[in-house]
Every structure is written in structure tokens, then in C-alpha cells.
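See below for the structure under consideration.
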Amino acid sequence: MDFIEKIGDTISAKGKEAADKAKELAEIASLKSQIGTCEEIIKKNYMEIGRLYYEEYGNEQDAPFEKQCRYIRNAETGIRELQEKIKKLKGL
């Protein structure tokens with residue numbers, strides 16, 4: 001009987017170890033998910049700051065980010081031109 005009890009104890013201990021490891025992995029996954037959520041919030045707000053800056057100072061020649069604002073204006077012009085080409089192709 002002693003042998004069977006030892007096997008039972010070993011199985012029980014291994015089961016507890018596996019359960020503890022699974023719990024640890026689940027907690028790590030949850031924490032990583034929370035980190036991802038925080039990073040998305042940061043990214044969203046950085047983008048909002050950039051958009052607000054561009055709206056406020058995008059046309060100023062001496063703005064600290066004048067070059068990047070110019071690139072945005074050029075890209076916006078390109079988008080409008082491409083949209084016009086699409087309209088012409090559609091016959092609108």
C-alpha cells in the first residue's frame with residue numbers, strides 16, 4: 001500500500017504543479033494583454049496630440065515640425081488628386 005500511496009502523492013503533486021504553472025501562464029497572458037491595452041492608449045493619444053498640433057500649427061513656416069507638416073500637406077494633395085482620377089475613371 002505504501003507504494004500506491006507514493007504514486008498517488010506524486011501524481012497529486014505533479015497535478016498541482018501543472019495547475020500552478022497554468023495559473024501563472026494565464027496571469028502572465030492577462031498582464032501582457034493589459035500592457036497591450038496601455039500601449040494602444042498611448043499610441044492613440046500620441047496620434048491625437050499630433051493631429052491637434054497639425055491642425056493648430058500645420059501651416060506655419062517656422063513650426064518645429066514644419067517638414068513633417070509639409071509632408072502631410074503634400075500627401076493630402078496627392079490623395080485629392082488620386083480621388084479625382086478615380087471619379088473621372090468612374091465617369092462622375
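Note on naming: chains are A, B, ... as they come in the C-alpha cells, residues start from 1 per chain, ligands start from 1 in the order shown.
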Practice task
For Ala63 in chain A, please output as a list in words all residues within 10 Å (counting only C-alpha atoms; exclusion window: fewer than 5 positions along the same chain).
Solution key: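 The neighbour list is Tyr53, Tyr54, Tyr57, Gly58, Gln68 and Cys69 of chain A.
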